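> Structure: structure.tsv, TSV, C-alpha atoms and all ligand atoms.
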```
chain	number	residue	atom	x	y	z
A	1	MET	CA	103.33	78.45	101.53
A	2	ILE	CA	104.06	81.95	100.36
A	3	HIS	CA	105.65	84.33	102.82
A	4	GLN	CA	103.33	86.11	105.20
A	5	SER	CA	104.50	89.56	104.19
A	6	ASP	CA	103.84	88.72	100.58
A	7	ARG	CA	100.33	87.52	101.38
A	8	ASN	CA	99.74	90.86	103.06
A	9	ASN	CA	101.17	92.74	100.12
A	10	LEU	CA	98.99	90.83	97.70
A	11	ILE	CA	96.12	93.04	98.73
A	12	SER	CA	96.88	95.42	101.51
A	13	MET	CA	93.53	95.91	103.24
A	14	SER	CA	94.62	99.09	104.99
A	15	ASP	CA	95.22	100.80	101.61
A	16	GLU	CA	91.96	99.78	100.02
A	17	THR	CA	88.83	101.90	99.80
A	18	PRO	CA	85.33	100.50	99.19
A	19	ALA	CA	84.95	103.00	96.32
A	20	GLY	CA	88.29	101.96	94.80
A	21	ILE	CA	87.49	98.25	94.60
A	22	ALA	CA	84.27	98.94	92.69
A	23	GLY	CA	86.07	99.80	89.42
A	24	PRO	CA	86.79	103.24	87.92
A	25	ARG	CA	83.27	104.28	86.81
A	26	ILE	CA	81.40	103.20	89.91
A	27	SER	CA	84.22	104.62	91.99
A	28	LEU	CA	83.87	108.02	90.30
A	29	MET	CA	80.11	108.01	90.81
A	30	MET	CA	80.48	107.04	94.47
A	31	HIS	CA	83.05	109.76	95.04
A	32	CYS	CA	80.83	112.44	93.53
A	33	VAL	CA	77.72	111.30	95.39
A	34	ALA	CA	79.63	110.89	98.63
A	35	ILE	CA	81.72	114.03	98.62
A	36	GLY	CA	79.60	116.26	96.35
A	37	PRO	CA	77.15	117.43	99.04
A	38	VAL	CA	80.00	118.04	101.44
A	39	ILE	CA	81.84	120.18	98.87
A	40	SER	CA	78.63	122.08	98.17
A	41	LEU	CA	78.10	122.92	101.80
A	42	THR	CA	81.71	123.92	102.23
A	43	ILE	CA	81.48	126.42	99.35
A	44	TYR	CA	78.17	127.65	100.66
A	45	HIS	CA	79.65	128.48	104.06
A	46	VAL	CA	82.95	129.83	102.94
A	47	PHE	CA	81.89	132.02	100.00
A	48	PHE	CA	78.18	132.74	100.19
A	49	GLY	CA	76.39	132.22	103.48
A	50	LYS	CA	72.98	131.91	101.85
A	51	PRO	CA	71.52	129.84	99.00
A	52	GLY	CA	71.23	131.21	95.43
A	53	VAL	CA	72.14	130.69	91.76
A	54	GLY	CA	75.80	131.56	92.49
A	55	LEU	CA	75.94	128.82	95.07
A	56	ALA	CA	74.44	126.26	92.71
A	57	LEU	CA	76.95	127.19	89.97
A	58	ALA	CA	79.87	127.09	92.37
A	59	CYS	CA	78.79	123.67	93.59
A	60	VAL	CA	78.50	122.28	90.07
A	61	CYS	CA	81.96	123.67	89.20
A	62	ALA	CA	83.47	122.20	92.36
A	63	ILE	CA	82.00	118.77	91.75
A	64	LEU	CA	83.14	118.87	88.10
A	65	LEU	CA	86.63	119.86	89.19
A	66	PHE	CA	86.62	117.07	91.71
A	67	ALA	CA	85.48	114.55	89.08
A	68	ILE	CA	88.18	115.72	86.61
A	69	CYS	CA	90.88	115.44	89.29
A	70	LEU	CA	89.76	111.89	90.02
A	71	LEU	CA	89.55	110.96	86.34
A	72	LEU	CA	93.13	112.08	85.83
A	73	ALA	CA	94.37	110.01	88.76
A	74	ARG	CA	94.34	106.22	88.47
A	75	PRO	CA	91.91	104.66	91.00
A	76	GLU	CA	93.74	103.27	94.02
A	77	SER	CA	96.78	105.40	93.16
A	78	LYS	CA	98.41	107.60	95.76
A	79	ALA	CA	97.28	110.70	93.81
A	80	HIS	CA	93.69	109.51	93.94
A	81	GLN	CA	93.90	109.01	97.69
A	82	LEU	CA	95.53	112.40	98.10
A	83	ILE	CA	92.67	114.12	96.26
A	84	ASP	CA	90.12	112.30	98.42
A	85	GLY	CA	92.05	113.15	101.55
A	86	LEU	CA	92.36	116.80	100.57
A	87	PHE	CA	88.65	117.22	99.94
A	88	MET	CA	87.70	115.39	103.14
A	89	PHE	CA	90.18	117.32	105.26
A	90	ILE	CA	88.77	120.63	104.00
A	91	SER	CA	85.12	119.63	104.14
A	92	LEU	CA	84.94	117.94	107.53
A	93	PRO	CA	86.21	120.88	109.63
A	94	VAL	CA	83.92	123.26	107.70
A	95	LEU	CA	80.94	121.07	108.57
A	96	LEU	CA	82.00	121.05	112.20
A	97	TRP	CA	82.43	124.80	112.19
A	98	SER	CA	78.97	125.20	110.65
A	99	LEU	CA	77.48	123.66	113.82
A	100	THR	CA	78.67	126.66	115.77
A	101	GLN	CA	76.85	129.05	113.40
A	102	GLU	CA	73.30	130.28	113.71
A	103	ASN	CA	70.89	127.73	112.08
A	104	MET	CA	73.66	125.09	112.05
A	105	TYR	CA	73.55	124.57	108.27
A	106	GLY	CA	75.89	121.61	108.33
A	107	ILE	CA	74.00	119.43	110.78
A	108	HIS	CA	72.20	117.46	108.07
A	109	LEU	CA	75.47	116.65	106.34
A	110	ILE	CA	77.47	115.42	109.32
A	111	ALA	CA	76.04	111.88	109.04
A	112	PRO	CA	76.49	111.62	105.24
A	113	SER	CA	80.03	112.98	105.53
A	114	ILE	CA	80.97	110.30	108.09
A	115	PHE	CA	79.56	107.68	105.75
A	116	ALA	CA	81.33	109.26	102.76
A	117	ALA	CA	84.65	109.07	104.60
A	118	PHE	CA	84.19	105.31	105.09
A	119	ILE	CA	83.47	104.91	101.37
A	120	VAL	CA	86.26	107.00	99.85
A	121	LEU	CA	89.14	106.85	102.36
A	122	PRO	CA	91.31	103.79	103.07
A	123	VAL	CA	89.62	101.66	105.76
A	124	ARG	CA	92.23	102.11	108.46
A	125	LEU	CA	92.42	105.87	107.96
A	126	SER	CA	88.65	106.34	107.92
A	127	SER	CA	88.18	104.17	111.03
A	128	VAL	CA	90.65	106.24	113.05
A	129	LEU	CA	89.65	109.61	111.60
A	130	MET	CA	85.94	109.06	112.12
A	131	ALA	CA	86.50	107.64	115.62
A	132	ILE	CA	87.82	111.12	116.45
A	133	TYR	CA	85.50	113.18	114.25
A	134	THR	CA	82.19	111.57	115.33
A	135	PRO	CA	82.58	112.16	119.11
A	136	VAL	CA	83.83	115.71	118.45
A	137	ALA	CA	80.75	116.48	116.32
A	138	ILE	CA	78.49	114.99	119.03
A	139	ALA	CA	80.29	116.96	121.76
A	140	VAL	CA	80.01	120.26	119.86
A	141	TYR	CA	76.33	119.71	119.19
A	142	TRP	CA	75.65	118.57	122.77
A	143	HIS	CA	77.49	121.56	124.20
A	144	LEU	CA	75.48	124.04	122.09
A	145	ASN	CA	72.05	122.41	122.31
A	146	GLY	CA	71.92	120.65	125.66
A	147	PRO	CA	71.66	117.00	126.65
A	148	GLU	CA	68.19	116.22	125.23
A	149	GLU	CA	69.15	117.14	121.63
A	150	GLY	CA	72.69	115.90	122.22
A	151	ILE	CA	71.53	112.37	123.06
A	152	ARG	CA	69.48	112.15	119.85
A	153	VAL	CA	72.42	113.18	117.72
A	154	LEU	CA	74.68	110.86	119.69
A	155	PHE	CA	72.53	107.82	118.86
A	156	GLY	CA	72.17	108.85	115.22
A	157	LEU	CA	75.85	109.52	114.57
A	158	MET	CA	77.07	106.48	116.49
A	159	CYS	CA	74.77	104.31	114.33
A	160	VAL	CA	76.21	105.91	111.19
A	161	TYR	CA	79.75	105.40	112.48
A	162	PHE	CA	79.31	101.70	113.24
A	163	PHE	CA	77.36	101.07	110.06
A	164	GLY	CA	80.02	102.79	107.93
A	165	PHE	CA	82.82	101.03	109.82
A	166	GLY	CA	81.21	97.59	109.43
A	167	LEU	CA	80.28	98.05	105.79
A	168	SER	CA	83.69	99.30	104.68
A	169	HIS	CA	85.47	96.44	106.48
A	170	ILE	CA	83.09	93.82	105.09
A	171	LEU	CA	83.48	95.08	101.52
A	172	VAL	CA	87.24	95.37	101.62
A	173	SER	CA	87.84	92.04	103.38
A	174	MET	CA	85.48	90.26	100.96
A	175	HIS	CA	87.41	91.75	98.08
A	176	ARG	CA	90.72	90.74	99.64
A	177	ASP	CA	89.54	87.16	100.20
A	178	MET	CA	88.34	86.93	96.60
A	179	ALA	CA	91.63	88.29	95.26
A	180	TYR	CA	93.52	85.91	97.56
A	181	SER	CA	91.70	82.80	96.39
A	182	ALA	CA	92.09	83.92	92.78
A	183	TYR	CA	95.88	84.03	93.19
A	184	ILE	CA	96.70	81.24	95.62
A	185	ASP	CA	96.72	77.50	94.98
A	186	THR	CA	94.71	76.13	97.90
A	187	LEU	CA	96.52	72.77	98.15
A	188	THR	CA	100.06	74.08	98.37
A	189	GLY	CA	99.75	77.76	99.37
A	190	ALA	CA	101.98	78.75	96.43
A	191	TYR	CA	100.76	81.28	93.89
A	192	ASN	CA	98.76	79.81	91.04
A	193	ARG	CA	99.23	80.56	87.35
A	194	ASN	CA	96.87	83.58	87.41
A	195	ARG	CA	99.60	85.65	88.96
A	196	LEU	CA	102.53	84.03	87.19
A	197	PHE	CA	102.52	85.84	83.85
A	198	ASP	CA	102.09	89.31	85.38
A	199	GLN	CA	105.07	88.68	87.64
A	200	LEU	CA	107.20	87.22	84.84
A	201	LYS	CA	106.39	90.21	82.64
A	202	LEU	CA	107.35	92.67	85.38
A	203	HIS	CA	110.65	90.92	86.01
A	204	LEU	CA	111.47	90.61	82.33
A	205	GLN	CA	110.81	94.33	81.87
A	206	SER	CA	113.19	95.21	84.69
A	207	VAL	CA	115.85	92.96	83.11
A	208	ARG	CA	115.32	94.69	79.75
A	209	ARG	CA	115.78	98.07	81.38
A	210	GLY	CA	119.06	96.74	82.76
A	211	GLN	CA	117.81	97.20	86.29
A	212	SER	CA	118.17	93.67	87.59
A	213	THR	CA	119.14	90.06	87.10
A	214	VAL	CA	116.30	87.56	87.39
A	215	THR	CA	116.47	83.79	87.16
A	216	LEU	CA	113.66	81.35	86.72
A	217	VAL	CA	113.73	77.81	88.12
A	218	LEU	CA	111.38	75.00	87.11
A	219	LEU	CA	111.20	72.25	89.72
A	220	ASP	CA	109.59	68.87	89.27
A	221	LEU	CA	109.20	66.12	91.87
A	222	ASP	CA	110.93	62.88	90.88
A	223	HIS	CA	108.83	59.75	90.34
A	224	PHE	CA	105.81	61.39	91.88
A	225	LYS	CA	103.44	59.09	90.03
A	226	ALA	CA	104.90	56.23	92.04
A	227	VAL	CA	103.96	57.99	95.30
A	228	ASN	CA	100.36	58.34	94.13
A	229	ASP	CA	100.23	54.77	92.86
A	230	GLU	CA	101.77	53.25	95.96
A	231	TYR	CA	100.33	55.36	98.79
A	232	GLY	CA	97.26	56.99	97.26
A	233	HIS	CA	96.30	60.44	96.08
A	234	ALA	CA	95.82	61.87	99.60
A	235	VAL	CA	99.44	61.09	100.50
A	236	GLY	CA	100.46	62.58	97.14
A	237	ASP	CA	98.63	65.77	98.09
A	238	ASP	CA	100.42	65.89	101.46
A	239	VAL	CA	103.75	65.53	99.67
A	240	LEU	CA	102.93	68.39	97.28
A	241	SER	CA	101.89	70.62	100.15
A	242	TRP	CA	104.98	69.73	102.21
A	243	PHE	CA	107.25	70.31	99.23
A	244	ALA	CA	105.87	73.78	98.50
A	245	GLN	CA	105.96	74.85	102.13
A	246	THR	CA	109.47	73.54	102.73
A	247	LEU	CA	110.67	75.19	99.54
A	248	MET	CA	109.26	78.54	100.62
A	249	SER	CA	110.76	78.26	104.07
A	250	PHE	CA	114.18	77.75	102.44
A	251	THR	CA	113.93	80.72	100.07
A	252	ARG	CA	114.08	84.45	100.58
A	253	GLU	CA	111.22	86.88	101.06
A	254	GLU	CA	111.58	88.24	97.51
A	255	ASP	CA	111.59	84.83	95.80
A	256	LEU	CA	108.16	83.88	94.45
A	257	LEU	CA	106.90	80.31	94.24
A	258	PHE	CA	104.19	79.30	91.77
A	259	ARG	CA	102.49	75.96	91.23
A	260	TYR	CA	103.06	75.62	87.51
A	261	GLY	CA	101.39	72.28	86.89
A	262	GLY	CA	100.47	69.11	88.83
A	263	GLU	CA	103.81	68.34	90.54
A	264	GLU	CA	105.75	71.08	88.79
A	265	PHE	CA	106.66	74.37	90.50
A	266	LEU	CA	108.25	77.56	89.28
A	267	LEU	CA	110.46	79.88	91.30
A	268	ILE	CA	111.27	83.44	90.29
A	269	ILE	CA	114.53	84.40	91.93
A	270	PRO	CA	115.43	88.08	91.55
A	271	GLY	CA	118.99	89.33	92.03
A	272	GLN	CA	120.68	85.99	91.25
A	273	ASN	CA	122.30	84.86	88.02
A	274	SER	CA	122.26	81.32	86.73
A	275	ASP	CA	125.32	80.18	88.73
A	276	ASP	CA	124.09	81.72	92.00
A	277	CYS	CA	120.77	80.06	91.42
A	278	GLU	CA	122.28	76.64	90.80
A	279	ASN	CA	124.13	76.99	94.11
A	280	THR	CA	120.92	78.05	95.86
A	281	ILE	CA	118.99	75.08	94.52
A	282	THR	CA	121.81	72.70	95.42
A	283	LYS	CA	121.76	74.04	98.99
A	284	ILE	CA	117.97	73.68	99.11
A	285	ARG	CA	118.29	70.10	97.90
A	286	SER	CA	120.73	69.17	100.65
A	287	ARG	CA	118.60	70.89	103.34
A	288	MET	CA	115.53	69.07	102.05
A	289	LYS	CA	117.41	65.77	102.25
A	290	ASP	CA	117.93	66.37	105.98
A	291	ALA	CA	114.37	67.58	106.58
A	292	GLU	CA	111.60	65.43	108.02
A	293	THR	CA	109.38	64.30	105.14
A	294	PRO	CA	105.73	63.22	105.26
A	295	TYR	CA	105.41	59.48	106.05
A	296	GLY	CA	109.22	59.28	105.95
A	297	LEU	CA	109.16	59.19	102.14
A	298	ASP	CA	112.28	59.79	100.13
A	299	ILE	CA	111.37	62.99	98.23
A	300	THR	CA	113.68	64.42	95.60
A	301	PHE	CA	113.26	66.89	92.78
A	302	SER	CA	114.93	67.93	89.55
A	303	ALA	CA	115.38	71.56	88.57
A	304	GLY	CA	116.01	73.57	85.41
A	305	VAL	CA	117.49	77.04	85.78
A	306	CYS	CA	117.36	79.84	83.24
A	307	GLU	CA	118.53	83.41	83.71
A	308	ALA	CA	116.58	86.05	81.77
A	309	GLN	CA	118.67	87.54	79.02
A	310	ALA	CA	117.43	90.93	77.96
A	311	ALA	CA	118.25	90.82	74.27
A	312	LYS	CA	117.09	87.32	73.48
A	313	MET	CA	114.10	86.46	75.53
A	314	ASP	CA	110.39	86.87	75.55
A	315	LEU	CA	108.19	85.20	78.14
A	316	ASP	CA	107.61	81.98	76.24
A	317	THR	CA	111.26	81.40	75.39
A	318	TRP	CA	112.25	82.10	78.99
A	319	ILE	CA	109.96	79.37	80.29
A	320	GLU	CA	110.82	77.10	77.37
A	321	CYS	CA	114.56	77.39	78.14
A	322	ALA	CA	113.99	76.56	81.82
A	323	ASP	CA	111.91	73.60	80.67
A	324	GLN	CA	114.74	72.37	78.43
A	325	ALA	CA	117.14	72.60	81.37
A	326	LEU	CA	114.67	70.65	83.55
A	327	TYR	CA	114.36	68.01	80.83
A	328	GLN	CA	118.14	67.72	80.82
A	329	ALA	CA	118.16	67.26	84.61
A	330	LYS	CA	115.62	64.45	84.27
A	331	ARG	CA	117.68	62.84	81.51
A	332	ASP	CA	120.81	63.09	83.64
A	333	GLY	CA	119.21	60.79	86.21
A	334	ARG	CA	116.99	63.17	88.24
A	335	ASN	CA	117.68	64.63	91.70
A	336	CYS	CA	119.95	67.27	90.17
A	337	VAL	CA	119.92	70.80	88.79
A	338	ARG	CA	120.86	71.91	85.30
A	339	SER	CA	121.05	75.38	83.94
A	340	TRP	CA	119.98	76.31	80.43
A	341	ALA	CA	123.35	77.71	79.35
A	342	GLN	CA	125.00	74.37	80.14
A	343	SER	CA	122.34	72.21	78.58
A	344	ASP	CA	121.91	74.30	75.45
A	401	LIG	N1	98.20	63.67	94.54
A	401	LIG	C1	98.24	64.48	93.48
A	401	LIG	N2	98.82	64.06	92.35
A	401	LIG	C2	98.88	64.88	91.29
A	401	LIG	C3	98.35	66.18	91.34
A	401	LIG	N3	98.56	66.76	90.13
A	401	LIG	C4	99.20	65.86	89.36
A	401	LIG	N4	99.41	64.71	90.05
A	401	LIG	C5	100.06	63.48	89.62
A	401	LIG	O1	101.44	63.70	89.37
A	401	LIG	C6	101.89	62.61	88.56
A	401	LIG	C7	102.89	63.13	87.58
A	401	LIG	O2	103.46	62.00	86.94
A	401	LIG	P1	104.60	62.10	85.83
A	401	LIG	O3	104.36	63.29	84.96
A	401	LIG	O4	104.68	60.79	85.17
A	401	LIG	O5	105.90	62.45	86.63
A	401	LIG	P2	106.76	61.60	87.66
A	401	LIG	O6	106.12	60.32	88.06
A	401	LIG	O7	107.10	62.54	88.78
A	401	LIG	O8	108.04	61.25	86.83
A	401	LIG	P3	109.26	62.22	86.52
A	401	LIG	O9	108.77	63.63	86.53
A	401	LIG	O10	109.74	61.82	85.17
A	401	LIG	O11	110.28	62.00	87.58
A	401	LIG	C8	100.66	61.99	87.91
A	401	LIG	O12	100.45	60.72	88.47
A	401	LIG	C9	99.52	62.93	88.32
A	401	LIG	O13	98.32	62.24	88.54
A	401	LIG	C10	97.72	66.61	92.55
A	401	LIG	O14	97.24	67.71	92.69
A	401	LIG	N5	97.70	65.72	93.59
```
Please re-express this file's structure in structure tokens.
Ligand SMILES: Nc1nc2c(ncn2[C@@H]2O[C@H](COP(=O)(O)OP(=O)(O)OP(=O)(O)O)[C@@H](O)[C@H]2O)c(=O)[nH]1

Amino acid sequence: MIHQSDRNNLISMSDETPAGIAGPRISLMMHCVAIGPVISLTIYHVFFGKPGVGLALACVCAILLFAICLLLARPESKAHQLIDGLFMFISLPVLLWSLTQENMYGIHLIAPSIFAAFIVLPVRLSSVLMAIYTPVAIAVYWHLNGPEEGIRVLFGLMCVYFFGFGLSHILVSMHRDMAYSAYIDTLTGAYNRNRLFDQLKLHLQSVRRGQSTVTLVLLDLDHFKAVNDEYGHAVGDDVLSWFAQTLMSFTREEDLLFRYGGEEFLLIIPGQNSDDCENTITKIRSRMKDAETPYGLDITFSAGVCEAQAAKMDLDTWIECADQALYQAKRDGRNCVRSWAQSD
């Protein structure tokens, strides 16, 4: 089982926007369609007051500027969200203010702007912001036009609010679930190989920059075939699941566990060198020995440890060296840990 905080970090729903998960091109189109009319109306009110060629040009320029800003910022980056936020925080009050003006120019754009906020802002932010903005817009309109008109707008805007709220949550949670099942091995709860190479690359880069020490551990259950043969595949599955979960409960938040193969797991342990790691695995082994195992089976594992060495290693050699150390542990009788430096 991977740590809860890490599951949450895998895809943080509160930071995601429906536009952002659609990919850069669709995202850009959705931003322009969603915010474009709101920008147009804002310029109209602030600079012109009545329609004309100047207004049209200003609107085109504003939307182009907006699109360029977004193109320069990576989707889902903080800069991207800042640009969205900035445009929404300028546009929404202007729309509200327009309700207090003669002819209430902005009334037709209040509903689209609420919807736009749900599409381009992070879900948590848009839910809170629009839960304040929608009643304020209704109250302003009600106050100026009386209860009969007010009730109509109330129904309309509340529908838009709940529709936008529901849609944005559905889209983002569907995306999160998809990303989750793409990264997590369902039997054990450990990460699967899809995420492994990205993480190894990131850690190797930080070692090369001299920023950290990272050690990789390959772990393999001993005589696991015998468990399957003697007790059946279902019991074997329970053992794998127990092993992964127990391992994760004995490691730190920043250690990442991957299911590397059938009964083979890989741990990335940042901040520990080879010796520290050997000690850690030895401690884990003795805690596991005392733990309650499924069906009271005697479960042991062998481990190969390899610290990343900036000058020498690429990804393949790093894993290969850990594999050699694991092979040595198996040759030395199993139920032990060997580090690559020793076995080399
Ligand atoms: N139940 C179950 N068994 C699996 C799974 N994946 C692989 N296996 C089994 O794991 C066993 C691995 O056997 P071996 O590679 O011979 O390893 P071992 O018996 O642990 O022997 P040593 O590693 O040398 O100690 C095979 O019997 C596979 O069928 C799985 O998802 N579930």
> Just checking: using all atoms listed in the file, which residue out of A:Thr251, A:Thr134, A:Gln309, A:Asn194 ends up closest to Lys283 of chain A?
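For Lys283 of chain A, the nearest of the given residues is A:Thr251.
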> Between A:Asp198, A:Asp314, A:Asp298, A:Glu102, which residue has the minimum interatomic distance to Ile268 of chain A, considering all atoms listed in the file?
A:Asp198
> Pick from A:Lys330, A:His108, A:His203, A:His143: nearest to ligand LIG 401 (chain A), with all atoms listed in the file counted?
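Distance minimum relative to ligand LIG 401 (chain A) lands on A:Lys330.
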> Grab the atom CA of Glu253 of chain A to atom CA of Ala329 of chain A distance for me, in Å with one decimal place.
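Separation of atom CA of Glu253 of chain A and atom CA of Ala329 of chain A: 26.5 Å.
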> For ligand LIG 401 (chain A), collect every residue having any atom at a distance of at most 6 Å from a ligand atom (counting all atoms listed in the file); output as a PyMOL selection string.
chain A and resi 220-226+228+233-234+236-237+262-263
> Ranking A:Leu315, A:Ile90, A:Met288, A:Val160 by minimum distance to Gln199 of chain A and counting all atoms listed in the file, which one comes first?
A:Leu315
> To one decimal place in Å, what is the distance between atom CA of Val235 of chain A and atom CA of Thr293 of chain A?
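Pair atom CA of Val235 of chain A / atom CA of Thr293 of chain A returns 11.4 Å.
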> Skip Val305 of chain A itself and residues of its chain fewer than 3 positions away, then list as a ChimeraX atom specification all residues within 9 Å of it, counting all atoms listed in the file.
/A:215-219,274-275,277-278,321-323,325-326,337-341
> Pull the neighbourhood of (112.1, 88.2, 77.9) for me: all residues within 12 Å in file coordinates, counting only C-alpha atoms, as an mmCIF file with C-alpha atoms, in the coordinates of the input.

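And here is the file that came out, out24.cif:
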```cif
data_model
loop_
_atom_site.group_PDB
_atom_site.id
_atom_site.type_symbol
_atom_site.label_atom_id
_atom_site.label_comp_id
_atom_site.auth_asym_id
_atom_site.auth_seq_id
_atom_site.Cartn_x
_atom_site.Cartn_y
_atom_site.Cartn_z
ATOM 1 C CA PHE A 197 102.520 85.840 83.850
ATOM 2 C CA LEU A 200 107.200 87.220 84.840
ATOM 3 C CA LYS A 201 106.390 90.210 82.640
ATOM 4 C CA LEU A 202 107.350 92.670 85.380
ATOM 5 C CA HIS A 203 110.650 90.920 86.010
ATOM 6 C CA LEU A 204 111.470 90.610 82.330
ATOM 7 C CA GLN A 205 110.810 94.330 81.870
ATOM 8 C CA SER A 206 113.190 95.210 84.690
ATOM 9 C CA VAL A 207 115.850 92.960 83.110
ATOM 10 C CA ARG A 208 115.320 94.690 79.750
ATOM 11 C CA ARG A 209 115.780 98.070 81.380
ATOM 12 C CA THR A 213 119.140 90.060 87.100
ATOM 13 C CA VAL A 214 116.300 87.560 87.390
ATOM 14 C CA THR A 215 116.470 83.790 87.160
ATOM 15 C CA LEU A 216 113.660 81.350 86.720
ATOM 16 C CA CYS A 306 117.360 79.840 83.240
ATOM 17 C CA GLU A 307 118.530 83.410 83.710
ATOM 18 C CA ALA A 308 116.580 86.050 81.770
ATOM 19 C CA GLN A 309 118.670 87.540 79.020
ATOM 20 C CA ALA A 310 117.430 90.930 77.960
ATOM 21 C CA ALA A 311 118.250 90.820 74.270
ATOM 22 C CA LYS A 312 117.090 87.320 73.480
ATOM 23 C CA MET A 313 114.100 86.460 75.530
ATOM 24 C CA ASP A 314 110.390 86.870 75.550
ATOM 25 C CA LEU A 315 108.190 85.200 78.140
ATOM 26 C CA ASP A 316 107.610 81.980 76.240
ATOM 27 C CA THR A 317 111.260 81.400 75.390
ATOM 28 C CA TRP A 318 112.250 82.100 78.990
ATOM 29 C CA ILE A 319 109.960 79.370 80.290
ATOM 30 C CA GLU A 320 110.820 77.100 77.370
ATOM 31 C CA CYS A 321 114.560 77.390 78.140
#
```
> Find the residue from A:Trp97, A:Phe155, A:Phe258, A:Trp242 that sits nearest to Pro294 of chain A; use all atoms listed in the file when measuring.
A:Trp242
> Just the number, please: distance in Å from atom CA of Ala131 of chain A to atom CA of Pro147 of chain A, one decimal.
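The value is 20.7 Å.
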> Mind listing whatever residues come within 7 Å of the point (82.7, 115.2, 113.3)? Use all atoms listed in the file, file coordinates, and give them as a ChimeraX atom specification.
/A:92,96,110,133-137
> Mind working out the centre and edge lengths of an axis-aligned box for segment 193-197 of chain A, all listed atoms inside, 5 Å added to each side, rounded to one decimal in Å and written as JSON?

```
{"center_x": 99.7, "center_y": 83.2, "center_z": 86.4, "size_x": 15.7, "size_y": 15.3, "size_z": 15.1}
```
> Using all atoms listed in the file, can you tell me which of A:Met174, A:Ile107, A:Leu297, A:Arg259 comes closest to Asp238 of chain A?
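Residue with the minimum atom-to-atom distance to Asp238 of chain A: A:Leu297.
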> Which residues, written as a ChimeraX atom specification, have at least one atom at most 10 Å from Leu256 of chain A, with only C-alpha atoms counted and residues fewer than 3 positions away on the same chain left out?
/A:2-3,6,190-191,196,199,216,248,251-253,266-270
> Please output segment 197-201 of chain A, rebuilt to include all heavy atoms, as a PDB file, keeping the file's coordinate frame.

```pdb
ATOM      1  N   PHE A 197     102.076  85.130  85.058  1.00  0.00           N
ATOM      2  CA  PHE A 197     102.520  85.840  83.850  1.00  0.00           C
ATOM      3  C   PHE A 197     102.706  87.333  84.111  1.00  0.00           C
ATOM      4  O   PHE A 197     103.619  87.946  83.559  1.00  0.00           O
ATOM      5  CB  PHE A 197     101.582  85.529  82.684  1.00  0.00           C
ATOM      6  CG  PHE A 197     101.691  84.073  82.314  1.00  0.00           C
ATOM      7  CD1 PHE A 197     100.747  83.152  82.745  1.00  0.00           C
ATOM      8  CD2 PHE A 197     102.787  83.611  81.604  1.00  0.00           C
ATOM      9  CE1 PHE A 197     100.889  81.801  82.442  1.00  0.00           C
ATOM     10  CE2 PHE A 197     102.937  82.259  81.297  1.00  0.00           C
ATOM     11  CZ  PHE A 197     101.981  81.352  81.721  1.00  0.00           C
ATOM     12  N   ASP A 198     101.875  87.902  85.000  1.00  0.00           N
ATOM     13  CA  ASP A 198     102.090  89.310  85.380  1.00  0.00           C
ATOM     14  C   ASP A 198     103.468  89.477  86.017  1.00  0.00           C
ATOM     15  O   ASP A 198     104.206  90.416  85.703  1.00  0.00           O
ATOM     16  CB  ASP A 198     101.047  89.751  86.421  1.00  0.00           C
ATOM     17  CG  ASP A 198      99.693  89.917  85.784  1.00  0.00           C
ATOM     18  OD1 ASP A 198      99.650  89.939  84.540  1.00  0.00           O
ATOM     19  OD2 ASP A 198      98.697  90.004  86.523  1.00  0.00           O
ATOM     20  N   GLN A 199     103.791  88.567  86.930  1.00  0.00           N
ATOM     21  CA  GLN A 199     105.070  88.680  87.640  1.00  0.00           C
ATOM     22  C   GLN A 199     106.247  88.460  86.694  1.00  0.00           C
ATOM     23  O   GLN A 199     107.230  89.196  86.744  1.00  0.00           O
ATOM     24  CB  GLN A 199     105.124  87.647  88.780  1.00  0.00           C
ATOM     25  CG  GLN A 199     104.267  88.003  89.970  1.00  0.00           C
ATOM     26  CD  GLN A 199     104.698  89.295  90.628  1.00  0.00           C
ATOM     27  OE1 GLN A 199     105.894  89.551  90.805  1.00  0.00           O
ATOM     28  NE2 GLN A 199     103.738  90.134  90.970  1.00  0.00           N
ATOM     29  N   LEU A 200     106.112  87.468  85.795  1.00  0.00           N
ATOM     30  CA  LEU A 200     107.200  87.220  84.840  1.00  0.00           C
ATOM     31  C   LEU A 200     107.418  88.438  83.953  1.00  0.00           C
ATOM     32  O   LEU A 200     108.547  88.849  83.693  1.00  0.00           O
ATOM     33  CB  LEU A 200     106.889  85.991  83.986  1.00  0.00           C
ATOM     34  CG  LEU A 200     107.061  84.627  84.667  1.00  0.00           C
ATOM     35  CD1 LEU A 200     106.605  83.516  83.743  1.00  0.00           C
ATOM     36  CD2 LEU A 200     108.518  84.396  85.067  1.00  0.00           C
ATOM     37  N   LYS A 201     106.298  89.032  83.509  1.00  0.00           N
ATOM     38  CA  LYS A 201     106.390  90.210  82.640  1.00  0.00           C
ATOM     39  C   LYS A 201     107.116  91.346  83.356  1.00  0.00           C
ATOM     40  O   LYS A 201     108.021  91.971  82.800  1.00  0.00           O
ATOM     41  CB  LYS A 201     104.979  90.673  82.267  1.00  0.00           C
ATOM     42  CG  LYS A 201     104.668  90.526  80.790  1.00  0.00           C
ATOM     43  CD  LYS A 201     103.307  91.084  80.486  1.00  0.00           C
ATOM     44  CE  LYS A 201     102.421  89.998  79.928  1.00  0.00           C
ATOM     45  NZ  LYS A 201     101.018  90.305  79.899  1.00  0.00           N
TER      46      LYS A 201
END
```
